[in-house]
Structure formats: structure tokens, C-alpha cells
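Novice: Following this line is run_32.txt, made up of compact mmCIF, C-alpha atoms and all ligand atoms:
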```txt
# COMPACT_ATOMS: atom_id res chain seq x y z
CA MET W 153 -26.00 -34.94 6.46
CA ALA W 154 -23.24 -32.76 5.18
CA ALA W 155 -24.74 -31.04 2.19
CA GLU W 156 -23.87 -27.41 2.49
CA GLN W 157 -20.97 -25.77 0.76
CA ALA W 158 -18.97 -22.84 2.02
CA PHE W 159 -16.29 -20.29 1.33
CA VAL W 160 -13.76 -20.33 4.17
CA THR W 161 -11.16 -17.80 5.22
CA LEU W 162 -8.84 -17.25 8.18
CA ALA W 163 -7.89 -14.26 10.32
CA THR W 164 -5.64 -14.53 13.37
CA ASN W 165 -5.49 -10.78 14.09
CA ASP W 166 -7.43 -7.56 13.51
CA SER W 167 -5.53 -6.63 10.35
CA TYR W 168 -6.35 -9.85 8.57
CA ALA W 169 -9.86 -9.63 10.05
CA ARG W 170 -10.36 -6.43 8.02
CA GLY W 171 -9.26 -8.32 4.95
CA ALA W 172 -11.78 -11.03 5.81
CA MET W 173 -14.54 -8.42 6.17
CA VAL W 174 -13.84 -7.04 2.70
CA LEU W 175 -13.58 -10.53 1.21
CA GLY W 176 -16.91 -11.55 2.80
CA LYS W 177 -18.60 -8.38 1.56
CA SER W 178 -17.22 -8.93 -1.94
CA LEU W 179 -18.60 -12.48 -2.00
CA ARG W 180 -22.01 -11.26 -0.83
CA ASN W 181 -22.03 -8.37 -3.30
CA HIS W 182 -21.45 -10.87 -6.09
CA LYS W 183 -24.42 -12.86 -4.83
CA THR W 184 -22.84 -16.10 -3.76
CA SER W 185 -25.36 -18.82 -2.84
CA LYS W 186 -22.79 -20.50 -0.54
CA LYS W 187 -22.27 -20.18 3.20
CA LEU W 188 -19.46 -17.96 4.46
CA VAL W 189 -17.18 -19.23 7.23
CA VAL W 190 -14.33 -17.40 8.93
CA LEU W 191 -11.83 -19.10 11.24
CA ILE W 192 -10.50 -16.64 13.80
CA GLY W 193 -7.66 -16.75 16.28
CA PRO W 194 -7.95 -15.71 19.94
CA HIS W 195 -6.28 -12.33 19.28
CA VAL W 196 -9.10 -11.00 17.13
CA SER W 197 -10.83 -8.19 19.07
CA ASP W 198 -14.47 -8.33 20.20
CA GLN W 199 -15.34 -5.46 17.85
CA SER W 200 -13.90 -7.29 14.85
CA ARG W 201 -15.70 -10.46 15.87
CA ALA W 202 -19.00 -8.57 16.04
CA VAL W 203 -18.55 -7.23 12.51
CA LEU W 204 -17.47 -10.63 11.19
CA HIS W 205 -20.65 -12.12 12.69
CA LYS W 206 -22.69 -9.68 10.60
CA ILE W 207 -20.97 -10.64 7.35
CA TYR W 208 -20.27 -14.36 7.86
CA ASP W 209 -22.72 -17.18 8.58
CA ASP W 210 -20.23 -18.97 10.77
CA VAL W 211 -17.44 -17.42 12.88
CA ARG W 212 -15.30 -20.15 14.44
CA LEU W 213 -12.63 -19.64 17.02
CA VAL W 214 -9.65 -21.88 16.33
CA ASP W 215 -7.05 -21.91 19.03
CA VAL W 216 -4.50 -24.53 18.12
CA LEU W 217 -2.74 -24.09 21.46
CA ASP W 218 -5.88 -24.73 23.46
CA SER W 219 -7.32 -27.50 21.37
CA GLY W 220 -5.56 -30.34 23.21
CA ASP W 221 -5.88 -32.62 20.20
CA THR W 222 -3.44 -33.82 17.59
CA ALA W 223 -3.12 -30.26 16.28
CA HIS W 224 -1.84 -29.18 19.67
CA LEU W 225 0.73 -31.97 19.71
CA ALA W 226 1.81 -31.17 16.17
CA MET W 227 2.10 -27.54 17.17
CA MET W 228 4.35 -28.41 20.12
CA LYS W 229 6.74 -30.14 17.76
CA ARG W 230 6.69 -27.45 15.10
CA PRO W 231 6.00 -24.05 16.75
CA ASP W 232 7.42 -22.39 13.62
CA LEU W 233 4.32 -23.42 11.68
CA GLY W 234 1.80 -21.63 13.90
CA VAL W 235 -0.47 -19.92 11.35
CA THR W 236 -0.07 -22.90 9.01
CA PHE W 237 -1.60 -25.26 11.55
CA THR W 238 -4.44 -22.82 12.01
CA LYS W 239 -5.10 -22.76 8.27
CA LEU W 240 -5.13 -26.57 8.04
CA HIS W 241 -7.99 -26.47 10.56
CA CYS W 242 -10.31 -25.76 7.65
CA TRP W 243 -10.33 -29.52 6.92
CA THR W 244 -12.22 -30.05 10.21
CA LEU W 245 -15.28 -28.19 8.88
CA THR W 246 -16.99 -31.51 8.21
CA HIS W 247 -20.40 -29.89 8.56
CA TYR W 248 -19.81 -28.83 4.94
CA SER W 249 -19.50 -31.22 2.03
CA LYS W 250 -17.17 -29.04 -0.03
CA CYS W 251 -15.38 -25.75 0.58
CA VAL W 252 -13.29 -23.14 -1.16
CA PHE W 253 -10.57 -21.65 1.01
CA MET W 254 -9.62 -18.05 0.27
CA ASP W 255 -6.85 -16.01 1.88
CA ALA W 256 -8.03 -12.95 3.79
CA ASP W 257 -6.00 -10.81 1.37
CA THR W 258 -8.13 -11.77 -1.62
CA LEU W 259 -10.94 -9.79 -3.21
CA VAL W 260 -13.73 -11.29 -5.30
CA VAL W 261 -14.65 -9.22 -8.35
CA SER W 262 -17.12 -11.63 -9.97
CA ASN W 263 -19.33 -14.54 -8.85
CA ILE W 264 -17.16 -17.67 -8.46
CA ASP W 265 -19.69 -20.26 -7.25
CA GLU W 266 -18.71 -22.44 -10.22
CA LEU W 267 -15.55 -23.36 -8.28
CA PHE W 268 -17.69 -25.84 -6.33
CA ASP W 269 -17.87 -27.98 -9.49
CA ARG W 270 -14.17 -28.71 -8.98
CA GLU W 271 -12.60 -31.48 -6.94
CA GLU W 272 -10.07 -31.55 -4.11
CA LEU W 273 -7.42 -30.24 -4.45
CA SER W 274 -7.99 -27.65 -7.14
CA ALA W 275 -5.91 -24.47 -7.17
CA ALA W 276 -4.22 -22.02 -9.51
CA PRO W 277 -0.52 -22.19 -10.34
CA ASP W 278 1.85 -20.10 -8.30
CA PRO W 279 3.40 -17.48 -10.58
CA GLY W 280 6.78 -17.89 -8.89
CA TRP W 281 7.00 -21.65 -9.56
CA PRO W 282 4.07 -22.79 -11.69
CA ASP W 283 4.47 -26.49 -10.84
CA CYS W 284 3.37 -25.50 -7.36
CA PHE W 285 -0.12 -24.27 -6.69
CA ASN W 286 -0.72 -21.03 -4.84
CA SER W 287 -2.53 -21.76 -1.57
CA GLY W 288 -4.42 -18.44 -1.51
CA VAL W 289 -7.44 -20.02 -3.22
CA PHE W 290 -8.17 -23.76 -3.22
CA VAL W 291 -11.07 -26.21 -3.38
CA PHE W 292 -11.10 -28.89 -0.68
CA ILE W 293 -13.30 -31.53 0.96
CA PRO W 294 -13.44 -31.29 4.76
CA SER W 295 -12.49 -34.59 6.35
CA ASN W 296 -11.07 -35.44 9.76
CA GLU W 297 -9.08 -38.22 8.18
CA THR W 298 -7.39 -35.89 5.69
CA TYR W 299 -6.85 -33.40 8.50
CA GLY W 300 -5.02 -36.02 10.59
CA ARG W 301 -2.86 -37.05 7.64
CA LEU W 302 -2.06 -33.40 6.88
CA LEU W 303 -0.94 -32.76 10.46
CA GLN W 304 1.17 -35.88 10.43
CA PHE W 305 2.76 -34.86 7.15
CA CYS W 306 3.35 -31.42 8.58
CA THR W 307 5.14 -32.61 11.71
CA GLU W 308 7.22 -35.17 9.81
CA HIS W 309 8.22 -33.16 6.77
CA GLY W 310 7.64 -29.57 7.85
CA SER W 311 7.09 -26.99 5.16
CA PHE W 312 9.64 -26.26 2.46
CA ASP W 313 8.69 -22.58 2.50
CA GLY W 314 7.82 -22.31 6.19
CA GLY W 315 4.13 -21.73 5.44
CA ASP W 316 0.97 -23.53 4.44
CA GLN W 317 1.78 -23.43 0.73
CA GLY W 318 4.85 -25.61 1.26
CA VAL W 319 2.94 -28.14 3.36
CA LEU W 320 -0.01 -28.36 0.99
CA ASN W 321 2.17 -28.72 -2.10
CA GLY W 322 4.17 -31.41 -0.34
CA PHE W 323 1.01 -33.27 0.63
CA PHE W 324 -0.85 -32.88 -2.68
CA SER W 325 2.38 -33.51 -4.52
CA ASP W 326 0.92 -34.86 -7.76
CA TRP W 327 -1.06 -31.68 -8.42
CA ALA W 328 1.27 -30.53 -11.22
CA THR W 329 1.01 -33.69 -13.28
CA ALA W 330 -1.96 -35.85 -12.30
CA ASP W 331 -5.13 -34.09 -13.41
CA ILE W 332 -5.32 -30.88 -15.40
CA THR W 333 -8.93 -30.24 -14.27
CA LYS W 334 -7.48 -29.46 -10.84
CA HIS W 335 -5.58 -26.55 -12.30
CA LEU W 336 -7.68 -23.44 -11.85
CA PRO W 337 -7.27 -20.68 -14.40
CA PHE W 338 -5.09 -17.85 -13.17
CA ILE W 339 -8.08 -15.47 -13.10
CA TYR W 340 -9.26 -17.26 -9.93
CA ASN W 341 -6.13 -16.18 -8.09
CA MET W 342 -4.59 -13.20 -9.81
CA SER W 343 -1.57 -12.79 -7.63
CA SER W 344 0.48 -9.68 -7.97
CA ILE W 345 3.94 -11.08 -8.58
CA ALA W 346 3.01 -12.07 -12.14
CA ILE W 347 3.24 -8.47 -13.20
CA TYR W 348 6.92 -8.34 -12.53
CA THR W 349 7.76 -11.68 -14.03
CA TYR W 350 5.81 -11.48 -17.27
CA LEU W 351 4.91 -7.86 -17.77
CA PRO W 352 4.03 -7.97 -21.51
CA ALA W 353 1.62 -10.86 -21.00
CA PHE W 354 0.06 -9.15 -18.06
CA LYS W 355 -0.42 -5.92 -19.96
CA HIS W 356 -1.79 -7.71 -23.00
CA LEU W 357 -4.06 -10.05 -21.09
CA SER W 358 -5.25 -7.50 -18.58
CA VAL W 359 -6.47 -5.34 -21.41
CA HIS W 360 -7.81 -8.05 -23.68
CA ARG W 361 -8.90 -10.75 -21.31
CA TYR W 362 -8.08 -10.64 -17.64
CA GLY W 363 -9.18 -7.08 -17.10
CA ALA W 364 -12.68 -8.05 -18.07
CA ASN W 365 -12.50 -11.63 -16.79
CA ALA W 366 -10.74 -11.20 -13.46
CA LYS W 367 -12.54 -13.11 -10.75
CA VAL W 368 -10.27 -13.08 -7.73
CA VAL W 369 -7.46 -10.65 -6.98
CA HIS W 370 -4.84 -11.78 -4.46
CA PHE W 371 -2.80 -9.09 -2.73
CA LEU W 372 0.05 -11.49 -2.10
CA GLY W 373 3.27 -10.30 -0.48
CA ALA W 374 4.38 -8.09 2.37
CA THR W 375 2.30 -5.00 1.52
CA LYS W 376 -1.39 -5.70 2.06
CA PRO W 377 -4.25 -3.34 1.12
CA TRP W 378 -4.58 -2.38 4.79
CA SER W 379 -0.91 -1.30 4.83
CA TYR W 380 -1.94 1.79 2.86
CA THR W 381 -4.10 4.71 3.96
CA TYR W 382 -7.02 6.14 2.07
CA ASP W 383 -8.51 9.55 1.51
CA PRO W 384 -12.27 8.94 1.20
CA ARG W 385 -12.98 12.48 -0.07
CA GLN W 386 -10.62 12.32 -2.99
CA ARG W 387 -11.13 8.57 -3.29
CA ARG W 388 -7.42 8.05 -3.43
CA VAL W 389 -5.16 5.44 -1.91
CA ARG W 390 -2.04 6.92 -0.33
CA GLY W 391 1.38 5.38 -0.11
CA ASP W 392 3.56 3.80 -2.74
CA VAL W 393 0.62 2.98 -5.00
CA ALA W 394 2.82 2.96 -8.09
CA ALA W 395 4.54 -0.13 -6.71
CA ALA W 396 1.21 -1.84 -6.06
CA ALA W 397 0.52 -4.71 -8.39
CA HIS W 398 -3.13 -3.94 -9.06
CA PRO W 399 -3.67 -0.23 -8.33
CA GLY W 400 -7.20 -0.39 -9.77
CA PHE W 401 -8.18 -3.34 -7.64
CA LEU W 402 -6.45 -1.79 -4.63
CA LEU W 403 -8.79 1.17 -5.04
CA GLU W 404 -11.70 -1.24 -5.36
CA TRP W 405 -10.65 -2.90 -2.10
CA TRP W 406 -10.53 0.48 -0.34
CA THR W 407 -13.83 1.66 -1.80
CA LEU W 408 -15.54 -1.43 -0.41
CA TYR W 409 -13.73 -1.22 2.91
CA SER W 410 -14.34 2.48 3.53
CA GLY W 411 -17.90 2.44 2.20
CA GLU W 412 -19.27 -0.76 3.71
CA VAL W 413 -16.91 -2.07 6.39
CA VAL W 414 -15.72 1.07 8.20
CA PRO W 415 -19.31 2.15 9.07
CA MET W 416 -19.85 -1.27 10.67
CA LEU W 417 -16.61 -1.01 12.63
CA MET W 418 -17.47 2.51 13.77
CA ARG W 419 -20.77 1.26 15.17
CA GLU W 420 -18.92 -1.39 17.17
CA TYR W 421 -16.22 0.93 18.46
CA GLY W 422 -18.66 3.70 19.42
CA ASP W 423 -16.72 6.34 21.36
CA GLN W 424 -13.58 4.27 21.68
CA PRO W 425 -10.67 5.41 19.55
CA PHE W 426 -10.00 3.27 16.53
CA CYS W 427 -7.92 3.76 13.43
CA SER W 428 -9.67 2.66 10.28
CA GLY W 429 -6.84 3.57 7.91
CA CYS W 430 -9.10 6.16 6.29
CA GLU W 431 -7.94 9.72 6.70
CA GLU W 432 -11.19 10.75 8.36
CA ASP W 433 -9.62 13.96 9.56
CA ALA W 434 -8.59 15.04 6.08
CA GLY W 435 -11.53 17.35 5.52
CA GLU W 436 -12.28 18.29 9.09
CA SER W 437 -10.75 21.76 8.76
CA GLU W 438 -13.85 23.01 7.01
CA PRO W 439 -16.43 22.59 9.80
CA VAL W 440 -13.88 24.03 12.24
CA GLN W 441 -13.46 27.09 10.09
CA THR W 442 -17.17 27.66 9.70
CA LEU W 443 -17.22 28.15 13.46
CA MET W 444 -15.72 31.55 12.73
CA SER W 445 -18.58 34.04 12.64
CA SER W 446 -19.43 35.50 9.26
CA ALA W 447 -18.68 38.96 10.66
CA GLU W 448 -15.18 37.82 11.52
CA ARG W 449 -14.75 36.36 8.07
CA LYS W 450 -15.94 39.56 6.42
CA GLN W 451 -13.44 41.51 8.45
CA ARG W 452 -10.57 39.19 7.51
CA TRP W 453 -11.63 39.26 3.87
CA GLU W 454 -11.64 43.04 3.88
CA GLN W 455 -8.19 43.02 5.47
CA GLY W 456 -6.96 40.93 2.56
CA GLN W 457 -6.70 37.76 4.63
CA ALA W 458 -8.86 35.57 2.47
CA ASP W 459 -8.45 31.85 2.91
CA TYR W 460 -8.02 31.14 -0.79
CA MET W 461 -7.24 27.47 -0.29
CA GLY W 462 -9.99 26.81 2.22
CA ILE W 463 -13.31 28.38 2.90
CA ASP W 464 -12.79 31.28 0.47
CA SER W 465 -11.62 29.03 -2.33
CA PHE W 466 -13.03 29.59 -5.80
CA ASP W 467 -15.09 26.38 -5.49
CA ASN W 468 -16.78 27.65 -2.35
CA ILE W 469 -17.41 31.10 -3.80
CA GLN W 470 -18.94 29.54 -6.88
CA LYS W 471 -21.17 27.30 -4.69
CA LYS W 472 -22.35 30.39 -2.85
CA LEU W 473 -23.08 32.19 -6.14
CA ASP W 474 -24.99 29.15 -7.37
CA VAL W 475 -27.18 29.24 -4.27
CA PHE W 476 -27.91 32.97 -4.80
CA LEU W 477 -28.68 32.51 -8.48
CA LYS W 478 -31.18 29.66 -7.91
N1 LIG W 501 -2.98 -15.22 8.10
C1 LIG W 501 -3.48 -14.77 9.31
N2 LIG W 501 -2.64 -14.16 10.18
C2 LIG W 501 -1.32 -13.94 9.90
C3 LIG W 501 -0.82 -14.38 8.67
C4 LIG W 501 -1.67 -15.01 7.78
O1 LIG W 501 -4.67 -14.92 9.59
O2 LIG W 501 -0.62 -13.36 10.74
C5 LIG W 501 -3.88 -15.94 7.16
C6 LIG W 501 -4.70 -14.99 6.27
O3 LIG W 501 -5.90 -15.61 5.88
C7 LIG W 501 -3.75 -14.84 5.09
C8 LIG W 501 -3.24 -16.25 4.94
O4 LIG W 501 -3.09 -16.73 6.28
O5 LIG W 501 -4.40 -14.34 3.94
C9 LIG W 501 -1.92 -16.39 4.19
O6 LIG W 501 -1.01 -15.37 4.57
P1 LIG W 501 -0.65 -14.16 3.59
O7 LIG W 501 -1.85 -13.83 2.77
O8 LIG W 501 -0.07 -13.06 4.41
O9 LIG W 501 0.48 -14.79 2.67
P2 LIG W 501 0.81 -14.41 1.13
O10 LIG W 501 -0.44 -14.66 0.34
O11 LIG W 501 1.24 -12.98 1.10
O12 LIG W 501 1.89 -15.37 0.77
MN MN W 502 -2.39 -14.17 0.67
```
Would you mind writing the file out in C-alpha cells?
Specialist:
Amino acid sequence: MAAEQAFVTLATNDSYARGAMVLGKSLRNHKTSKKLVVLIGPHVSDQSRAVLHKIYDDVRLVDVLDSGDTAHLAMMKRPDLGVTFTKLHCWTLTHYSKCVFMDADTLVVSNIDELFDREELSAAPDPGWPDCFNSGVFVFIPSNETYGRLLQFCTEHGSFDGGDQGVLNGFFSDWATADITKHLPFIYNMSSIAIYTYLPAFKHLSVHRYGANAKVVHFLGATKPWSYTYDPRQRRVRGDVAAAAHPGFLLEWWTLYSGEVVPMLMREYGDQPFCSGCEEDAGESEPVQTLMSSAERKQRWEQGQADYMGIDSFDNIQKKLDVFLK
């Protein structure tokens, strides 16, 4: 009997897999009682798969090209909709009675289990065209029948935006008008573009309501959280952060990623080189410098060659004094 309910996401490569790791961790940290499922593509590395297995209850390989079923046929006709077909695969999770799909570029900042009280297809309006729903977060009922009809719709009509959002809005075309209970509040899919289109409302509401009530942040658009780098010592995100829609939530994403996900990835990669996006080398100059003998340092100091910015910085001198005074 299909009784269980699950959050579902998708990652076809290692970048989106990192997003999925953070998303999964954020759901766990906010104590979801639901199962966590991630659909992965064949290009996701073994190391990423191993970490995903530790965070998710169910890691499913979906290879549309290998599947040999109707999805494969649909794919042959519409190769342009590759990732879209993979996303539609979530309807085949018939082991679950109800699911909430979440993009791998979303971050949960509050428990959202109440979404399972909603019906198919519930989603939040897209800020660019509010009579369309944004397909980054949606409630659905797995069903092979619906899946077949979706694929058929997809091959016949394509997608008006080239992605899954176009297909899903075409298929669930009465969303805008039929039933207001299927409209999720914007706080369940706070996508970034809204800031640019309605800045005063965003400022007002983020201070008075959304800031406190935000539940899901969606890093929609070309620049994803993993496109930045991060300095874990200064706890600062580097890059064009000013242009980021939610700088505070971007920092929250990185704090979770560097604190809880990177250690898991490092365990999997072992000695193999891997780039986490954290500037791990940022503070490495200190241990290297301490290799200099204290006699050498004394000599340099006496020659006026103090390393004011590094080991002989005021902070370090004060630390030393503190130790002596204790
Ligand atoms: N996705 C993926 N691999 C890709 C592109 C997309 O796995 O190469 C998945 C991932 O779950 C992602 C979702 O499809 O969150 C939708 O894509 P994206 O978030 O990039 O679109 P946006 O929200 O920016 O429109
Ligand atoms: Mn997205």
C-alpha cells in the first residue's frame, strides 16, 4: 500500500547534487517527518552518490536514455527537453502516496510538512508571470497514468519555455483560475526575481512578514549558490554578492554547505583532489610560517622584518600576551 509521503528533488550532475545535499540537510535540520528522495542522472559521481545516500532515504538513478520505455521514445522525439523529461520522472514514484517536488537550488528555512495537506497540483505563482506557477516547488500525486499523459503532452505540445515549467503549466492549465487552494503562498517558493520587479513590496514584506516567515528560498536563475566561492574563516561569500537576490540566505546556504556537507564530501574524496568551492587554502599561510624556527623569527624581528600582517600581527601578539598573563 502506498502510504508514505516524500520530498523529491533532482540532480543530473555534481553541481546540482551539491544543491540537493544542502536541500536534504535543510529539510532534516527542520525535522521533517517525511521521506527524502533524490533522482539522479548517470553523470553524478560515485562520491556524490555516497553522500546523497547518507542524507536521503532513497537515491534513484533515472536514465531517460536507457529506460527503453515511453520516456525514451518521447526523448527521441524531443531531445531538447532532456532535463525536463528527467524531472517528470518524479510521477513514477508510485511507492509514495503524495510528494512535494523541490528544485535542487532551493533551501528550506522552516518546517514545511504542512504542504502535504495540499492537493495536486499545488504551487506558488511565478513572479515573472503570476498566472503561471513556478515549478521549483510543487505538490503532486505519483501516478503512472499521469506520467504517461504528461509525456504525451510533452511530445505533442513541447514546452513553451523549453523547460519543465512550460510543460507543467501547459498540462495543469487551469491552475490560475480553477482552485485558489492550489495556490501556495509565495513564502513557499521565494524566488529571487521578485526583488527586481517589486522592490518596495519585497523590502516591506521581508522586514515585516517574509523575513520572519520565509519557508523556502529558491535561488532561481543563472547564478546558483555553488557559482560563488566562500571563505569559511571570515564566513563570507565571495563574488558579486551585491547582485544576489537573498544575500542573507546565500550565506545560510554556504554555512550549511561548508559546515555539514563539505566534511562528508571530504571523507568520500579522501586523498583525491576535489574543489569544494570553499577557500580552504585561505588561512594556510599561518601553519607554513610557524615552520620557521622561533630563533629565525627573533632574528628577523630584530632586523626590523616583522610580519605585521601575518604571524607578528597585533592580534597574534595580543594572544601571546594573554597566554603569558593567565
Ligand atoms: N536540474 C538538473 N540538472 C541541470 C539542470 C537542472 O538536475 O543541468 C534540475 C535541478 O533539480 C534544478 C531543476 O532541474 O533545480 C530546475 O533547474 P534550475 O533550478 O536550474 O532552473 P531555474 O529554477 O533557475 O529556472
Ligand atoms: Mn530552480
Novice: Return as a PyMOL selection string every polymer residue, whether protein, DNA or RNA, with at least one atom no more than 8 Å from an atom of ligand MN 502 (chain W); count all atoms listed in the file.
Specialist: chain W and resi 255-258+287-288+370-373
Novice: Which residues sit within 10 Å of ligand LIG 501 (chain W), counting only C-alpha atoms and all ligand atoms, listed as a ChimeraX atom specification?
Specialist: /W:160-169,171-172,190-193,195-196,234-236,238-239,253-258,286-289,315-317,343-344,370-376
Novice: Determine the nearest neighbour of W:Arg419 from the options W:Val369, W:Leu179, W:Leu233, W:Ala202, counting only C-alpha atoms.
Specialist: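 Among the listed residues, W:Ala202 lies closest to W:Arg419.
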Novice: Quick one: distance from atom CA of W:Leu417 to atom CA of W:Thr381 in Å, one decimal?
Specialist: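 The value is 16.3 Å.
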Novice: Check the smallest atom-to-atom distance from each of W:Met227, W:Ala275, W:Leu188, W:Val368 to W:Ser262 using only C-alpha atoms, then report the winner.
Specialist: W:Val368
Novice: I want to know what sits within 9 Å of W:Ser178, based on all atoms listed in the file, with residues of the same chain fewer than 4 positions away left out; could you give that as number ranges by chain?
Specialist: W: 173-174, 182-183, 259-262, 405, 408
Novice: Tell me, in Å to one decimal, how far atom CA of W:Val389 is from atom CA of W:Gly176.
Specialist: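 So the answer is 21.2 Å.
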Novice: Report, in Å with one decimal, the straight-line distance from atom CA of W:His335 to atom CA of W:Gly318.
Specialist: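 Result for atom CA of W:His335 versus atom CA of W:Gly318: 17.1 Å, one decimal.
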Novice: Could you list, with a cut-off of 7 Å and counting all atoms listed in the file, the residues of stretch 382-409 of chain W near stretch 421-431 of chain W, each shown with its nearest atom pair and the distance in Å rounded to one decimal, rows sorted by chain and ascending number, as a tab-separated table?
Specialist:
```
residue	atom	partner	partner_atom	distance
W:Tyr382	CA	W:Cys430	CA	4.7
W:Asp383	CA	W:Glu431	CA	5.2
W:Pro384	CA	W:Cys430	CA	6.6
```
Novice: Taking only C-alpha atoms into account, name the residue in W:Ser197, W:Asp278, W:Phe401, W:Gly314 that is nearest to W:Phe237.
Specialist: W:Gly314
Novice: Show me the residues around (-21.7, -28.2, 3.4) - criterion: an atom at most 8 Å away, only C-alpha atoms counted - as a list in words.
Specialist: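 Protein and nucleic acid residues near the point are Ala154, Ala155, Glu156, Gln157, Ala158, Thr246, His247, Tyr248, Ser249, Lys250 and Cys251 of chain W.
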Novice: Looking at only C-alpha atoms, which of W:Glu272, W:Asp265, W:His241, W:Asn321 is the one that sits closest to W:Thr333?
Specialist: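 Among W:Glu272, W:Asp265, W:His241, W:Asn321, it is W:Glu272 that comes nearest to W:Thr333.
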Novice: Rank nothing, just name the residue among W:Val216, W:Leu267, W:Ala276, W:Ile207 nearest to W:Met416, using only C-alpha atoms.
Specialist: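 Residue with the minimum atom-to-atom distance to W:Met416: W:Ile207.
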Novice: Counting only C-alpha atoms, figure out which residue out of W:Leu302, W:Met228, W:Ala223, W:Val252 gets nearest to W:Phe324.
Specialist: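 The closest residue to W:Phe324 is W:Leu302.
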Novice: Applying 9 Å and only C-alpha atoms, which residues near W:Asp283 remain after dropping the ones on its own chain fewer than 4 positions away? List them as a ChimeraX atom specification.
Specialist: /W:277-278,327-329
